[in-house]
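Undergrad: Below you'll find entry-v1.cif; it's mmCIF, C-alpha atoms.
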data_work
loop_
_atom_site.group_PDB
_atom_site.id
_atom_site.type_symbol
_atom_site.label_atom_id
_atom_site.label_comp_id
_atom_site.auth_asym_id
_atom_site.auth_seq_id
_atom_site.Cartn_x
_atom_site.Cartn_y
_atom_site.Cartn_z
ATOM 1 C CA MET F 315 37.866 -21.927 -5.604
ATOM 2 C CA ILE F 316 34.517 -20.179 -5.358
ATOM 3 C CA THR F 317 31.210 -21.360 -3.953
ATOM 4 C CA LYS F 318 28.073 -22.186 -5.935
ATOM 5 C CA LYS F 319 26.497 -18.935 -4.710
ATOM 6 C CA GLN F 320 29.490 -16.957 -5.904
ATOM 7 C CA GLN F 321 29.323 -18.680 -9.294
ATOM 8 C CA ARG F 322 25.615 -17.858 -9.510
ATOM 9 C CA ALA F 323 26.402 -14.246 -8.562
ATOM 10 C CA ILE F 324 28.798 -14.031 -11.506
ATOM 11 C CA GLU F 325 26.174 -15.432 -13.863
ATOM 12 C CA LEU F 326 23.579 -12.943 -12.634
ATOM 13 C CA MET F 327 26.034 -10.053 -12.915
ATOM 14 C CA PHE F 328 26.779 -10.842 -16.550
ATOM 15 C CA GLU F 329 23.534 -12.260 -17.876
ATOM 16 C CA GLY F 330 20.918 -10.400 -15.915
ATOM 17 C CA ASN F 331 20.082 -6.769 -15.876
ATOM 18 C CA LEU F 332 19.986 -6.759 -12.103
ATOM 19 C CA SER F 333 21.293 -4.336 -9.524
ATOM 20 C CA GLN F 334 23.629 -5.448 -6.764
ATOM 21 C CA ASN F 335 20.725 -5.371 -4.289
ATOM 22 C CA GLU F 336 18.579 -7.542 -6.591
ATOM 23 C CA ILE F 337 21.388 -10.064 -7.014
ATOM 24 C CA SER F 338 21.962 -10.125 -3.256
ATOM 25 C CA ALA F 339 18.261 -10.691 -2.616
ATOM 26 C CA GLN F 340 18.106 -13.514 -5.148
ATOM 27 C CA LEU F 341 21.129 -15.208 -3.576
ATOM 28 C CA LYS F 342 19.903 -14.491 -0.031
ATOM 29 C CA VAL F 343 23.159 -12.774 0.925
ATOM 30 C CA HIS F 344 23.758 -9.283 2.288
ATOM 31 C CA PRO F 345 24.787 -6.663 -0.328
ATOM 32 C CA THR F 346 28.047 -6.072 1.557
ATOM 33 C CA THR F 347 28.846 -9.771 1.142
ATOM 34 C CA LEU F 348 28.492 -9.386 -2.615
ATOM 35 C CA SER F 349 30.694 -6.273 -2.475
ATOM 36 C CA ARG F 350 33.320 -8.233 -0.553
ATOM 37 C CA TRP F 351 33.185 -11.055 -3.102
ATOM 38 C CA LYS F 352 33.846 -8.579 -5.911
ATOM 39 C CA ARG F 353 37.171 -7.647 -4.308
ATOM 40 C CA ASP F 354 38.264 -11.263 -3.706
ATOM 41 C CA LYS F 355 41.071 -12.497 -6.008
ATOM 42 C CA GLY F 356 39.431 -15.885 -6.544
ATOM 43 C CA PHE F 357 36.101 -14.275 -7.404
ATOM 44 C CA ILE F 358 37.805 -11.824 -9.797
ATOM 45 C CA GLU F 359 39.627 -14.699 -11.506
ATOM 46 C CA ALA F 360 36.341 -16.634 -11.801
ATOM 47 C CA MET F 361 34.703 -13.549 -13.406
ATOM 48 C CA ARG F 362 37.581 -13.295 -15.894
ATOM 49 C CA LYS F 363 37.281 -16.988 -16.754
ATOM 50 C CA TYR F 364 33.490 -16.687 -17.144
ATOM 51 C CA THR F 365 33.967 -13.703 -19.458
ATOM 52 C CA ASP F 366 36.522 -15.533 -21.608
ATOM 53 C CA GLU F 367 34.281 -18.606 -21.898
ATOM 54 C CA THR F 368 31.238 -16.488 -22.769
ATOM 55 C CA ILE F 369 33.152 -14.676 -25.502
ATOM 56 C CA ALA F 370 34.499 -17.961 -26.882
ATOM 57 C CA ARG F 371 30.976 -19.413 -27.051
ATOM 58 C CA SER F 372 29.654 -16.268 -28.745
ATOM 59 C CA THR F 373 32.367 -15.963 -31.385
ATOM 60 C CA PRO F 374 30.730 -18.156 -34.064
ATOM 61 C CA LYS F 375 27.429 -16.274 -33.767
ATOM 62 C CA ALA F 376 29.213 -12.909 -33.872
ATOM 63 C CA MET F 377 31.175 -13.944 -36.960
ATOM 64 C CA SER F 378 28.000 -15.140 -38.672
ATOM 65 C CA THR F 379 26.348 -11.790 -37.924
ATOM 66 C CA MET F 380 29.295 -9.870 -39.411
ATOM 67 C CA LEU F 381 29.210 -11.991 -42.571
ATOM 68 C CA LYS F 382 25.462 -11.387 -42.962
ATOM 69 C CA LEU F 383 26.066 -7.641 -42.639
ATOM 70 C CA LEU F 384 28.177 -7.799 -45.797
ATOM 71 C CA ASN F 385 24.848 -8.171 -47.645
ATOM 72 C CA ALA F 386 22.992 -5.390 -45.814
ATOM 73 C CA ARG F 387 20.996 -2.812 -47.753
ATOM 74 C CA SER F 388 22.965 0.087 -46.348
ATOM 75 C CA GLU F 389 26.249 0.748 -48.095
ATOM 76 C CA LEU F 390 27.637 2.177 -44.854
ATOM 77 C CA VAL F 391 26.751 -1.003 -42.929
ATOM 78 C CA ARG F 392 28.355 -3.161 -45.638
ATOM 79 C CA TYR F 393 31.466 -0.971 -45.635
ATOM 80 C CA ASN F 394 31.828 -1.067 -41.839
ATOM 81 C CA ALA F 395 31.354 -4.850 -41.738
ATOM 82 C CA ALA F 396 33.930 -5.390 -44.473
ATOM 83 C CA LYS F 397 36.396 -2.982 -42.861
ATOM 84 C CA ASP F 398 36.001 -4.624 -39.454
ATOM 85 C CA LEU F 399 36.537 -8.110 -40.866
ATOM 86 C CA LEU F 400 39.597 -7.035 -42.844
ATOM 87 C CA ASP F 401 41.053 -5.162 -39.873
ATOM 88 C CA ARG F 402 40.623 -8.200 -37.627
ATOM 89 C CA ALA F 403 42.203 -10.417 -40.264
ATOM 90 C CA GLY F 404 45.309 -8.236 -40.109
ATOM 91 C CA PHE F 405 45.029 -6.402 -43.392
ATOM 92 C CA ILE F 406 46.613 -3.015 -43.012
ATOM 93 C CA PRO F 407 44.754 -0.180 -44.699
ATOM 94 C CA THR F 408 46.634 1.774 -47.308
ATOM 95 C CA GLN F 409 48.280 4.757 -45.779
ATOM 96 C CA LYS F 410 47.530 7.883 -47.702
ATOM 97 C CA GLN F 411 50.334 10.343 -48.221
ATOM 98 C CA GLU F 412 49.798 13.850 -49.377
ATOM 99 C CA VAL F 413 52.201 14.978 -52.061
ATOM 100 C CA ASN F 414 52.727 18.664 -52.751
ATOM 101 C CA ALA F 415 54.647 19.643 -55.848
ATOM 102 C CA SER F 416 55.578 23.122 -56.795
ATOM 103 C CA ILE F 417 56.277 23.775 -60.463
ATOM 104 C CA ASN F 418 57.605 27.114 -61.539
ATOM 105 C CA PRO F 419 55.544 28.692 -64.279
ATOM 106 C CA ILE F 420 56.983 28.095 -67.731
ATOM 107 C CA LYS F 421 57.678 31.182 -69.793
ATOM 108 C CA ILE F 422 57.063 30.603 -73.468
ATOM 109 C CA VAL F 423 59.344 32.629 -75.688
ATOM 110 C CA ASP F 424 58.610 33.070 -79.350
ATOM 111 C CA ASP F 425 61.921 32.396 -81.125
ATOM 112 C CA VAL F 426 60.429 33.094 -84.516
ATOM 113 C CA PRO F 427 61.295 36.666 -85.501
ATOM 114 C CA ALA F 428 58.459 38.954 -86.368
ATOM 115 C CA GLU F 429 57.936 39.766 -90.074
ATOM 116 C CA SER F 430 59.337 43.261 -89.659
ATOM 117 C CA ASP F 431 62.531 41.768 -88.192
ATOM 118 C CA ARG F 432 62.925 39.318 -91.108
ATOM 119 C CA ASP F 433 62.679 41.912 -93.871
ATOM 120 C CA GLY F 434 65.325 44.080 -92.425
#
As a first step, turn the structure in this file into C-alpha coordinates.
TA:
Amino acid sequence: MITKKQQRAIELMFEGNLSQNEISAQLKVHPTTLSRWKRDKGFIEAMRKYTDETIARSTPKAMSTMLKLLNARSELVRYNAAKDLLDRAGFIPTQKQEVNASINPIKIVDDVPAESDRDG
(Lines of atoms letter the chains of each structure in order from A and count residues from 1; the text may use other names and numbers.)
(Lines give C-alpha, C1' and ligand atoms only; values in the text may rest on other atoms or scores of the structure.)
Protein backbone atom coordinates (compact mmCIF):
# COMPACT_ATOMS: atom_id res chain seq x y z
CA MET A 1 0.00 0.00 0.00
CA ILE A 2 1.32 3.44 -0.87
CA THR A 3 0.72 6.80 0.76
CA LYS A 4 -1.27 9.70 -0.69
CA LYS A 5 2.00 11.54 -1.39
CA GLN A 6 3.36 8.55 -3.26
CA GLN A 7 0.16 8.31 -5.29
CA ARG A 8 0.42 12.02 -6.10
CA ALA A 9 4.07 11.50 -7.09
CA ILE A 10 2.98 8.86 -9.60
CA GLU A 11 0.36 11.18 -11.05
CA LEU A 12 2.88 13.99 -11.41
CA MET A 13 5.44 11.67 -12.99
CA PHE A 14 2.99 10.55 -15.66
CA GLU A 15 0.81 13.59 -16.26
CA GLY A 16 3.17 16.46 -15.67
CA ASN A 17 6.23 17.47 -17.53
CA LEU A 18 8.13 17.92 -14.31
CA SER A 19 11.63 16.98 -13.26
CA GLN A 20 12.28 14.86 -10.19
CA ASN A 21 13.34 17.98 -8.27
CA GLU A 22 10.12 19.80 -9.25
CA ILE A 23 7.99 16.84 -8.17
CA SER A 24 9.89 16.61 -4.89
CA ALA A 25 9.40 20.33 -4.25
CA GLN A 26 5.68 20.11 -4.99
CA LEU A 27 5.29 17.16 -2.61
CA LYS A 28 7.59 18.75 0.00
CA VAL A 29 9.84 15.68 0.12
CA HIS A 30 13.57 15.39 -0.46
CA PRO A 31 14.59 14.25 -3.99
CA THR A 32 16.35 11.21 -2.49
CA THR A 33 13.03 10.20 -0.92
CA LEU A 34 11.43 10.22 -4.35
CA SER A 35 14.38 8.19 -5.70
CA ARG A 36 13.90 5.66 -2.91
CA TRP A 37 10.18 5.42 -3.66
CA LYS A 38 10.94 4.63 -7.30
CA ARG A 39 12.85 1.51 -6.22
CA ASP A 40 10.15 0.31 -3.79
CA LYS A 41 8.18 -2.76 -4.99
CA GLY A 42 4.85 -1.35 -3.81
CA PHE A 43 5.50 1.96 -5.55
CA ILE A 44 6.55 0.17 -8.76
CA GLU A 45 3.38 -1.95 -8.66
CA ALA A 46 1.28 1.20 -8.10
CA MET A 47 2.97 2.83 -11.15
CA ARG A 48 2.19 -0.25 -13.25
CA LYS A 49 -1.44 -0.21 -12.12
CA TYR A 50 -1.72 3.54 -12.82
CA THR A 51 -0.29 2.99 -16.30
CA ASP A 52 -2.72 0.16 -17.07
CA GLU A 53 -5.70 2.21 -15.87
CA THR A 54 -4.59 5.26 -17.87
CA ILE A 55 -4.25 3.19 -21.04
CA ALA A 56 -7.64 1.56 -20.47
CA ARG A 57 -9.29 4.98 -20.07
CA SER A 58 -7.57 6.29 -23.20
CA THR A 59 -8.39 3.36 -25.47
CA PRO A 60 -11.78 4.63 -26.74
CA LYS A 61 -10.31 8.04 -27.63
CA ALA A 62 -7.31 6.42 -29.34
CA MET A 63 -9.58 4.13 -31.35
CA SER A 64 -11.76 7.07 -32.38
CA THR A 65 -8.65 8.94 -33.54
CA MET A 66 -7.49 5.97 -35.64
CA LEU A 67 -10.92 5.66 -37.27
CA LYS A 68 -10.93 9.38 -38.12
CA LEU A 69 -7.50 8.99 -39.72
CA LEU A 70 -9.04 6.59 -42.24
CA ASN A 71 -10.59 9.71 -43.81
CA ALA A 72 -7.45 11.86 -43.77
CA ARG A 73 -6.39 13.79 -46.86
CA SER A 74 -3.02 12.11 -47.02
CA GLU A 75 -3.04 8.71 -48.68
CA LEU A 76 -0.05 7.70 -46.55
CA VAL A 77 -1.89 8.61 -43.32
CA ARG A 78 -4.96 6.65 -44.46
CA TYR A 79 -2.80 3.67 -45.40
CA ASN A 80 -0.94 3.66 -42.08
CA ALA A 81 -4.17 3.95 -40.08
CA ALA A 82 -5.79 1.11 -42.01
CA LYS A 83 -2.69 -1.07 -41.72
CA ASP A 84 -2.41 -0.45 -37.98
CA LEU A 85 -6.07 -1.28 -37.38
CA LEU A 86 -5.87 -4.45 -39.46
CA ASP A 87 -2.63 -5.53 -37.79
CA ARG A 88 -4.14 -5.05 -34.33
CA ALA A 89 -7.24 -6.97 -35.38
CA GLY A 90 -5.01 -9.94 -36.19
CA PHE A 91 -5.12 -9.88 -39.96
CA ILE A 92 -1.88 -11.25 -41.27
CA PRO A 93 -0.46 -9.42 -44.27
CA THR A 94 0.07 -11.43 -47.40
CA GLN A 95 3.55 -12.78 -47.52
CA LYS A 96 5.19 -12.06 -50.81
CA GLN A 97 7.29 -14.78 -52.36
CA GLU A 98 9.67 -14.18 -55.17
CA VAL A 99 9.50 -16.77 -57.92
CA ASN A 100 12.36 -17.17 -60.36
CA ALA A 101 11.81 -19.32 -63.41
CA SER A 102 14.40 -20.16 -65.95
CA ILE A 103 13.17 -21.17 -69.39
CA ASN A 104 15.62 -22.42 -71.95
CA PRO A 105 15.40 -20.55 -75.22
CA ILE A 106 13.28 -22.33 -77.80
CA LYS A 107 14.95 -23.07 -81.10
CA ILE A 108 12.54 -22.82 -84.00
CA VAL A 109 13.36 -25.20 -86.81
CA ASP A 110 11.82 -24.79 -90.22
CA ASP A 111 10.65 -28.28 -91.21
CA VAL A 112 9.40 -27.08 -94.56
CA PRO A 113 12.04 -27.86 -97.18
CA ALA A 114 13.32 -25.00 -99.25
CA GLU A 115 12.09 -24.79 -102.87
CA SER A 116 15.43 -25.97 -104.23
CA ASP A 117 15.18 -29.08 -102.03
CA ARG A 118 11.64 -29.87 -103.26
CA ASP A 119 12.44 -29.75 -106.97
CA GLY A 120 15.27 -32.14 -106.69
Undergrad: Could you make a table, as JSON lines, of the residues of segment 367-423 of chain F that have an atom within 12 Å of an atom of segment 322-346 of chain F, each with its nearest atom pair and distance in Å to one decimal, counting all atoms listed in the file, in chain and number order?
TA:
{"residue": "F:Glu367", "atom": "CA", "partner": "F:Glu325", "partner_atom": "CA", "distance": 11.8}
{"residue": "F:Thr368", "atom": "CA", "partner": "F:Phe328", "partner_atom": "CA", "distance": 9.5}
{"residue": "F:Ile369", "atom": "CA", "partner": "F:Phe328", "partner_atom": "CA", "distance": 11.6}
Undergrad: I need the chosen residues saved as a short mmCIF file (atom, residue, chain, number, x, y, z; two decimals), in the coordinates of the input, with C-alpha atoms.
TA:
data_model
loop_
_atom_site.label_atom_id
_atom_site.label_comp_id
_atom_site.auth_asym_id
_atom_site.auth_seq_id
_atom_site.Cartn_x
_atom_site.Cartn_y
_atom_site.Cartn_z
CA GLU F 367 34.28 -18.61 -21.90
CA THR F 368 31.24 -16.49 -22.77
CA ILE F 369 33.15 -14.68 -25.50
#
Undergrad: Taking the file as shown, what set of residues would the PyMOL selection byres ((chain F and resi 395) around 8) give back, as a PyMOL selection string?
TA: chain F and resi 380-381+383-384+391-394+396-399
Undergrad: To one decimal in Å, tell me the separation between atom CA of Arg371 of chain F and atom CA of Thr317 of chain F.
TA: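 Atom CA of Thr317 of chain F lies at a distance of 23.2 Å from atom CA of Arg371 of chain F.
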Undergrad: What separation in Å, quoted to one decimal, exists between atom CA of Asp366 of chain F and atom CA of Leu400 of chain F?
TA: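 Here the two named atoms are 23.1 Å from each other.
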Undergrad: Quick one, how far is atom CA of Leu348 of chain F from atom CA of Gln320 of chain F?
TA: 8.3 Å
Undergrad: Which one of F:Ala415, F:Met377, F:Val423, F:Ile316 sits closest to Lys355 of chain F if you count only C-alpha atoms?
TA: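 Distance minimum relative to Lys355 of chain F lands on F:Ile316.
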Undergrad: Nearest residue to Ile358 of chain F out of F:Ser372, F:Gln411, F:Ser388, F:Gln321, using all atoms listed in the file?
TA: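 Closest residue, counting all atoms listed in the file: F:Gln321.
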Undergrad: Would you compute, for all listed atoms of segment 407-423 of chain F, the axis-aligned bounding box grown by 5 Å on each side, and then report its centre and edge lengths in Å rounded to one decimal, as JSON?
TA:
{"center_x": 52.0, "center_y": 16.2, "center_z": -60.2, "size_x": 24.6, "size_y": 42.8, "size_z": 41.0}
Undergrad: Emit a file covering segment 358-375 of chain F of the preceding structure with N, CA, C and O atoms, as a CSV table (one decimal), in the first residue's frame.
TA:
chain,number,residue,atom,x,y,z
F,358,ILE,N,6.4,0.6,-7.4
F,358,ILE,CA,6.5,0.2,-8.8
F,358,ILE,C,5.2,-0.5,-9.2
F,358,ILE,O,4.8,-0.2,-10.3
F,359,GLU,N,4.7,-1.3,-8.3
F,359,GLU,CA,3.4,-1.9,-8.7
F,359,GLU,C,2.3,-0.9,-8.8
F,359,GLU,O,1.4,-1.0,-9.7
F,360,ALA,N,2.3,0.1,-8.0
F,360,ALA,CA,1.3,1.2,-8.1
F,360,ALA,C,1.5,2.0,-9.4
F,360,ALA,O,0.5,2.4,-10.1
F,361,MET,N,2.7,2.2,-9.9
F,361,MET,CA,3.0,2.8,-11.1
F,361,MET,C,2.4,2.0,-12.3
F,361,MET,O,1.8,2.5,-13.2
F,362,ARG,N,2.7,0.7,-12.2
F,362,ARG,CA,2.2,-0.3,-13.3
F,362,ARG,C,0.7,-0.2,-13.3
F,362,ARG,O,0.1,-0.1,-14.4
F,363,LYS,N,0.0,-0.2,-12.2
F,363,LYS,CA,-1.4,-0.2,-12.1
F,363,LYS,C,-2.0,1.1,-12.7
F,363,LYS,O,-2.9,1.1,-13.5
F,364,TYR,N,-1.3,2.2,-12.3
F,364,TYR,CA,-1.7,3.5,-12.8
F,364,TYR,C,-1.6,3.6,-14.3
F,364,TYR,O,-2.5,4.1,-15.0
F,365,THR,N,-0.5,3.0,-14.9
F,365,THR,CA,-0.3,3.0,-16.3
F,365,THR,C,-1.4,2.2,-17.0
F,365,THR,O,-2.0,2.6,-18.0
F,366,ASP,N,-1.7,1.0,-16.5
F,366,ASP,CA,-2.7,0.2,-17.1
F,366,ASP,C,-4.1,0.9,-17.1
F,366,ASP,O,-4.8,0.8,-18.1
F,367,GLU,N,-4.4,1.5,-16.0
F,367,GLU,CA,-5.7,2.2,-15.9
F,367,GLU,C,-5.8,3.4,-16.8
F,367,GLU,O,-6.8,3.6,-17.5
F,368,THR,N,-4.6,4.1,-17.0
F,368,THR,CA,-4.6,5.3,-17.9
F,368,THR,C,-4.8,4.8,-19.3
F,368,THR,O,-5.5,5.4,-20.1
F,369,ILE,N,-4.1,3.7,-19.7
F,369,ILE,CA,-4.2,3.2,-21.0
F,369,ILE,C,-5.7,2.7,-21.3
F,369,ILE,O,-6.3,3.0,-22.3
F,370,ALA,N,-6.3,2.0,-20.3
F,370,ALA,CA,-7.6,1.6,-20.5
F,370,ALA,C,-8.6,2.7,-20.7
F,370,ALA,O,-9.5,2.7,-21.5
F,371,ARG,N,-8.4,3.8,-19.9
F,371,ARG,CA,-9.3,5.0,-20.1
F,371,ARG,C,-9.1,5.7,-21.4
F,371,ARG,O,-10.0,6.3,-21.9
F,372,SER,N,-7.9,5.6,-22.0
F,372,SER,CA,-7.6,6.3,-23.2
F,372,SER,C,-7.9,5.5,-24.5
F,372,SER,O,-7.9,6.1,-25.5
F,373,THR,N,-8.2,4.2,-24.3
F,373,THR,CA,-8.4,3.4,-25.5
F,373,THR,C,-9.5,3.8,-26.4
F,373,THR,O,-9.4,3.9,-27.6
F,374,PRO,N,-10.7,4.2,-25.8
F,374,PRO,CA,-11.8,4.6,-26.7
F,374,PRO,C,-11.4,5.9,-27.5
F,374,PRO,O,-11.7,6.0,-28.7
F,375,LYS,N,-10.7,6.8,-26.9
F,375,LYS,CA,-10.3,8.0,-27.6
F,375,LYS,C,-9.3,7.7,-28.7
F,375,LYS,O,-9.3,8.2,-29.8
